[in-house]
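Chemist: Have a look at this one before I ask anything.
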Amino acid sequence: MGRAYVRGFALALRRWPLVLLLFLASLLAGLSFTAAAWAWLAVALGSSLATRTLLTDLNVQIFIDLCIHHRESFKMLLLAGSMLAAAFVALGVWLNAAAIASVGEEISTANCLLRGLRLYPTYLGLWVLGNGCMLVSAVVLFLSCRCLARWTAESAAEMAPDWIVAGGALVGALVWVFFATVHDHARIRSRTVGAGAVRAFGWALAYVARRQSRALPLAALLLGTSAALWATYHSLNRYLATNSALGVALSLLSGEALLLARMFLRVWWFGAETHLQRGREGGASWVPAATAPRTA
Amino acid sequence: MRACIVVERLGSVIVPVDVRITFDDGSTTDEHWDGRNHWKRFEYTGAQRVEWAVLNALPLDVNWLNNSRMRAPGTRGIVRLAGRWGFWFQNLMYFLTGL
């Protein structure tokens with residue numbers, strides 16, 4: 001597991017153009033939504049003093065009034081956001097496929113993108129499967145917590161509802177980590193052997209659930225790295241005064257730096273998981289392009 | 001230079017309000033309006049221009065956004081908010097494409 005972690009880091013370093021591509025797509029998504037939000041805010045706020053005071057004071061009353069008095073245009077912003085999200089998720093599925101191809105085979109970035117395009121239908125199916133499982137789990141968890149809350153409504157324990165919410169959140173987080181790991185391993189498996197979405201997902205479910213595979217401890221280690229990144233970002237941001245133009249600019253820049261680091265972490269994640277799967281099969285971490293399994 | 005500020009009562013509830021007018025040299029002046037009529041005009045003559053006018057916030061006010069008016073709308077507040085929303089949108093995309 002430790003070797004996979006270190007190897008993943010080295011692979012991510014070598015595949016920096018893919019990291020950059022993932023980041024640029026993310027930046028484009030952010031700029032697109034920022035532009036839409038800017039246009040809406042400029043119209044909704046008009047020439048009120050809030051256009052200036054929001055820099056120093058994020059007054060909740062302004063948000064309430066924006067939602068109440070500009071409800072129709074706010075719905076339009078949400079619609080535009082949903083459309084942008086759909087477009088960038090579709091783009092993200094492709095770029096993630098290219099990133100997985102990049103850590104599995106020593107091919108050029110252009111070939112990674114082409115390989116990602118070929119894998120696209122399967123990966124889209126895997127994305128739907130992964131999200132479907134998450135959605136069903138979330139609904140089951142919510143209903144279970146609700147039943148439990150009703151059952152303990154007459155209980156003398158005053159903290160019972162808090163414990164139920166905390167327990168539900170913890171189980172939800174664990175379920176999310178499990179399915180995210182399954183989704184990743186299914187994508188890697190699909191690229192390696194050319195399996196379809198359902199077969200790859202079923203294989204990954206069994207693989208991740210098996211204790212010997214050490215897929216979950218590796219995911220936990222990478223998640224810990226991600227949490228450390230978040231902690232660093234928030235610690236540094238505490239020193240930025242966001243009530244000045246310079247402070248806001250630095251805050252936005254540090255946010256983009258965090259996202260760049262997270263994109264690096266994503267490729268690192270794929271590299272480590274690919275190495276883990278290869279290790280299980282006793283193969284090398286890199287497969288020469290000529291011998292790499294072809295996918296439909 | 002002549003500046004004119006018109007304060008209008010949009011509803012039927014009569015409430016006295018205070019108006020603060022800020023000029024481009026940083027000076028301010030406070031006015032009081034009993035709110036009995038539908039509107040009230042304040043006029044100023046001098047070298048400085050009016051930057052903004054703002055009413056004191058009333059707890060029962062249904063819309064706080066129309067309590068102020070600037071000569072030229074600011075952009076920094078919008079940049080901060082829109083940029084922050086864009087950042088969270090990026091994080092949402094990261095989360096959605098991860099799973």
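We label chains A, B, ... in the order they appear in the structure tokens, count residues from 1 in each chain, and number ligands from 1 in the order shown.
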Fewer than 6 positions away in the same chain doesn't count, so skip those; otherwise give me all residues within 8 Å of Asn67 of chain B, counting only C-alpha atoms, as a PyMOL selection string.
Modeler: (chain A and resi 48) or (chain B and resi 54-57)
Chemist: Quick one: write out the picked residues with C-alpha atoms as a PDB file, in the first residue's frame?
Modeler:
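For reference, part13.pdb as written:
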```pdb
ATOM      1  CA  SER A  48     -27.551  49.595  -4.247  1.00  0.00           C
TER       2      SER A  48
ATOM      3  CA  VAL B  54     -28.767  55.163   2.358  1.00  0.00           C
ATOM      4  CA  LEU B  55     -31.827  54.829   4.578  1.00  0.00           C
ATOM      5  CA  ASN B  56     -31.526  53.496   8.103  1.00  0.00           C
ATOM      6  CA  ALA B  57     -32.481  49.803   8.146  1.00  0.00           C
TER       7      ALA B  57
END
```
Chemist: Using only C-alpha atoms, which chain A residues lie at most 8 Å away from chain B, written as a VMD selection string?
Modeler: chain A and resid 26 to 27 29 to 35 37 to 38 41 to 42 45 to 56 61 to 62 65 to 66 69 85 88 to 89 92 to 93 96 127 130 to 131 179 to 180 183 to 184 245 248 252 255 to 256 259
Chemist: Just give me the gap between atom CA of Cys112 of chain A and atom CA of Ala200 of chain A in Å, one decimal is fine.
Modeler: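 A separation of 20.2 Å between them.
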Chemist: Write out as an MDAnalysis selection string the residues lying within 12 Å of Ala99 of chain A, counting only C-alpha atoms and excluding same-chain residues fewer than 5 positions away.
Modeler: (chainID A and resid 11:12 14:23 92:94 104:117 119 184 187:188 191 263:271 274) or (chainID B and resid 98)
Chemist: Grab the residues selected above and save them as a short mmCIF file (atom, residue, chain, number, x, y, z; two decimals), in the first residue's frame with N, CA and C atoms.
Modeler:
```
data_model
loop_
_atom_site.label_atom_id
_atom_site.label_comp_id
_atom_site.auth_asym_id
_atom_site.auth_seq_id
_atom_site.Cartn_x
_atom_site.Cartn_y
_atom_site.Cartn_z
N LEU A 11 3.97 8.96 -10.48
CA LEU A 11 3.22 8.94 -11.74
C LEU A 11 2.53 10.28 -11.99
N ALA A 12 1.97 10.85 -10.94
CA ALA A 12 1.29 12.14 -11.07
C ALA A 12 2.27 13.24 -11.47
N ARG A 14 4.98 12.78 -13.24
CA ARG A 14 5.33 12.57 -14.65
C ARG A 14 4.20 12.99 -15.57
N ARG A 15 2.97 12.87 -15.08
CA ARG A 15 1.80 13.19 -15.92
C ARG A 15 1.26 14.60 -15.64
N TRP A 16 2.14 15.55 -15.42
CA TRP A 16 1.69 16.91 -15.10
C TRP A 16 0.85 17.58 -16.20
N PRO A 17 1.06 17.25 -17.50
CA PRO A 17 0.17 17.90 -18.48
C PRO A 17 -1.31 17.53 -18.27
N LEU A 18 -1.56 16.28 -17.83
CA LEU A 18 -2.95 15.88 -17.55
C LEU A 18 -3.50 16.62 -16.33
N VAL A 19 -2.62 16.81 -15.34
CA VAL A 19 -3.02 17.56 -14.14
C VAL A 19 -3.42 18.98 -14.55
N LEU A 20 -2.61 19.54 -15.42
CA LEU A 20 -2.87 20.91 -15.90
C LEU A 20 -4.18 20.98 -16.69
N LEU A 21 -4.42 19.97 -17.51
CA LEU A 21 -5.64 19.91 -18.30
C LEU A 21 -6.88 19.83 -17.39
N LEU A 22 -6.78 18.96 -16.38
CA LEU A 22 -7.90 18.83 -15.43
C LEU A 22 -8.15 20.16 -14.72
N PHE A 23 -7.04 20.83 -14.37
CA PHE A 23 -7.18 22.10 -13.67
C PHE A 23 -7.79 23.17 -14.59
N GLY A 92 -15.69 16.26 -17.59
CA GLY A 92 -14.89 15.68 -16.52
C GLY A 92 -14.75 14.17 -16.65
N VAL A 93 -15.82 13.50 -17.08
CA VAL A 93 -15.78 12.04 -17.25
C VAL A 93 -14.71 11.70 -18.29
N TRP A 94 -14.67 12.47 -19.35
CA TRP A 94 -13.67 12.24 -20.41
C TRP A 94 -12.25 12.49 -19.91
N GLY A 104 -1.75 4.46 -16.57
CA GLY A 104 -1.69 3.02 -16.84
C GLY A 104 -0.76 2.68 -17.98
N GLU A 105 -0.54 3.61 -18.88
CA GLU A 105 0.28 3.32 -20.06
C GLU A 105 1.20 4.51 -20.33
N GLU A 106 2.37 4.20 -20.87
CA GLU A 106 3.30 5.29 -21.19
C GLU A 106 3.03 5.77 -22.60
N ILE A 107 2.01 6.58 -22.75
CA ILE A 107 1.65 7.13 -24.07
C ILE A 107 1.57 8.65 -23.95
N SER A 108 1.54 9.28 -25.11
CA SER A 108 1.54 10.76 -25.10
C SER A 108 0.21 11.29 -24.58
N THR A 109 0.20 12.56 -24.22
CA THR A 109 -1.01 13.18 -23.69
C THR A 109 -2.15 13.13 -24.72
N ALA A 110 -1.80 13.37 -25.99
CA ALA A 110 -2.82 13.34 -27.05
C ALA A 110 -3.44 11.95 -27.14
N ASN A 111 -2.58 10.91 -27.03
CA ASN A 111 -3.10 9.54 -27.06
C ASN A 111 -3.95 9.22 -25.83
N CYS A 112 -3.57 9.80 -24.71
CA CYS A 112 -4.38 9.62 -23.49
C CYS A 112 -5.78 10.16 -23.70
N LEU A 113 -5.84 11.32 -24.34
CA LEU A 113 -7.14 11.94 -24.59
C LEU A 113 -7.97 11.09 -25.56
N LEU A 114 -7.29 10.53 -26.56
CA LEU A 114 -7.98 9.66 -27.52
C LEU A 114 -8.47 8.39 -26.84
N ARG A 115 -7.60 7.83 -25.98
CA ARG A 115 -7.97 6.62 -25.23
C ARG A 115 -9.17 6.93 -24.31
N GLY A 116 -9.14 8.11 -23.73
CA GLY A 116 -10.25 8.54 -22.87
C GLY A 116 -11.55 8.64 -23.63
N LEU A 117 -11.43 9.09 -24.86
CA LEU A 117 -12.63 9.22 -25.71
C LEU A 117 -13.22 7.84 -26.03
N LEU A 119 -12.92 5.22 -24.15
CA LEU A 119 -13.46 4.65 -22.91
C LEU A 119 -14.74 5.37 -22.45
N ASP A 184 -13.56 4.18 -8.74
CA ASP A 184 -12.20 4.34 -9.26
C ASP A 184 -11.63 3.00 -9.75
N ARG A 187 -13.20 1.82 -12.93
CA ARG A 187 -12.68 2.54 -14.11
C ARG A 187 -11.33 1.98 -14.53
N ILE A 188 -10.49 1.73 -13.54
CA ILE A 188 -9.15 1.20 -13.85
C ILE A 188 -9.27 -0.20 -14.44
N ARG A 191 -10.48 -0.14 -18.02
CA ARG A 191 -9.41 0.22 -18.97
C ARG A 191 -8.42 -0.92 -19.17
N MET A 263 -6.19 18.54 -8.15
CA MET A 263 -6.15 17.84 -9.44
C MET A 263 -4.92 16.93 -9.49
N PHE A 264 -3.82 17.44 -8.92
CA PHE A 264 -2.61 16.62 -8.83
C PHE A 264 -2.91 15.38 -7.97
N LEU A 265 -3.62 15.62 -6.89
CA LEU A 265 -3.96 14.53 -5.98
C LEU A 265 -4.85 13.50 -6.68
N ARG A 266 -5.70 13.97 -7.56
CA ARG A 266 -6.59 13.03 -8.28
C ARG A 266 -5.77 12.09 -9.17
N VAL A 267 -4.82 12.65 -9.91
CA VAL A 267 -3.98 11.82 -10.78
C VAL A 267 -3.12 10.89 -9.90
N TRP A 268 -2.64 11.41 -8.79
CA TRP A 268 -1.88 10.63 -7.80
C TRP A 268 -2.74 9.45 -7.33
N TRP A 269 -3.98 9.75 -7.03
CA TRP A 269 -4.95 8.75 -6.56
C TRP A 269 -5.09 7.63 -7.60
N PHE A 270 -5.31 8.05 -8.86
CA PHE A 270 -5.47 7.06 -9.95
C PHE A 270 -4.19 6.22 -10.10
N GLY A 271 -3.04 6.89 -10.01
CA GLY A 271 -1.77 6.19 -10.15
C GLY A 271 -1.56 5.16 -9.06
N THR A 274 -4.01 2.27 -9.56
CA THR A 274 -3.58 1.44 -10.69
C THR A 274 -2.43 0.53 -10.24
N GLY B 98 -15.53 13.09 -9.38
CA GLY B 98 -14.77 12.10 -8.62
C GLY B 98 -15.56 10.83 -8.42
#
```
Chemist: Determine which residues of segment 197-295 of chain A DSSP labels as helix (DSSP H, G or I) from the backbone of this structure, then write them out as an MDAnalysis selection string.
Modeler: chainID A and resid 197:209 211:213 215:237 245:281 289:291
Chemist: Out of B:Val50, B:Leu58, B:Val13, B:Val6, which residue has the shortest atom-to-atom distance to Thr28 of chain B when counting only C-alpha atoms?
Modeler: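 Result for the nearest residue to Thr28 of chain B: B:Val50.
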Chemist: Output as a PyMOL selection string all residues of chain B that backbone DSSP marks as strand (DSSP E or B).
Modeler: chain B and resi 2-8+17-23+28-33+39-45+50-55+68-70
Chemist: If I take atom CA of Val128 of chain A and atom CA of Ala186 of chain A, how far is one from the other in Å, to one decimal?
Modeler: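 Between atom CA of Val128 of chain A and atom CA of Ala186 of chain A the gap is 12.4 Å.
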Chemist: What lies within 8 Å of segment 32-43 of chain B using only C-alpha atoms, ignoring chain neighbours under 2 positions off, as a PyMOL selection string?
Modeler: chain B and resi 2-10+14-19+30+45
Chemist: Can you list, as JSON, numbers by chain, every protein, DNA or RNA residue that comes within 12 Å of Arg210 of chain A when you count only C-alpha atoms, leaving out same-chain residues fewer than 5 positions away?
Modeler: {"A": [178, 182, 203, 204, 205, 215, 216, 217, 280]}
Chemist: Applying 8 Å and only C-alpha atoms, which residues near segment 236-244 of chain A remain after dropping the ones on its own chain fewer than 2 positions away? List them as a list in words.
Modeler: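 The residues satisfying every condition are Leu55, Thr56, Asp57, Thr232, Tyr233, His234, Leu246, Gly247, Val248, Leu250, Ser251 and Ser254 of chain A.
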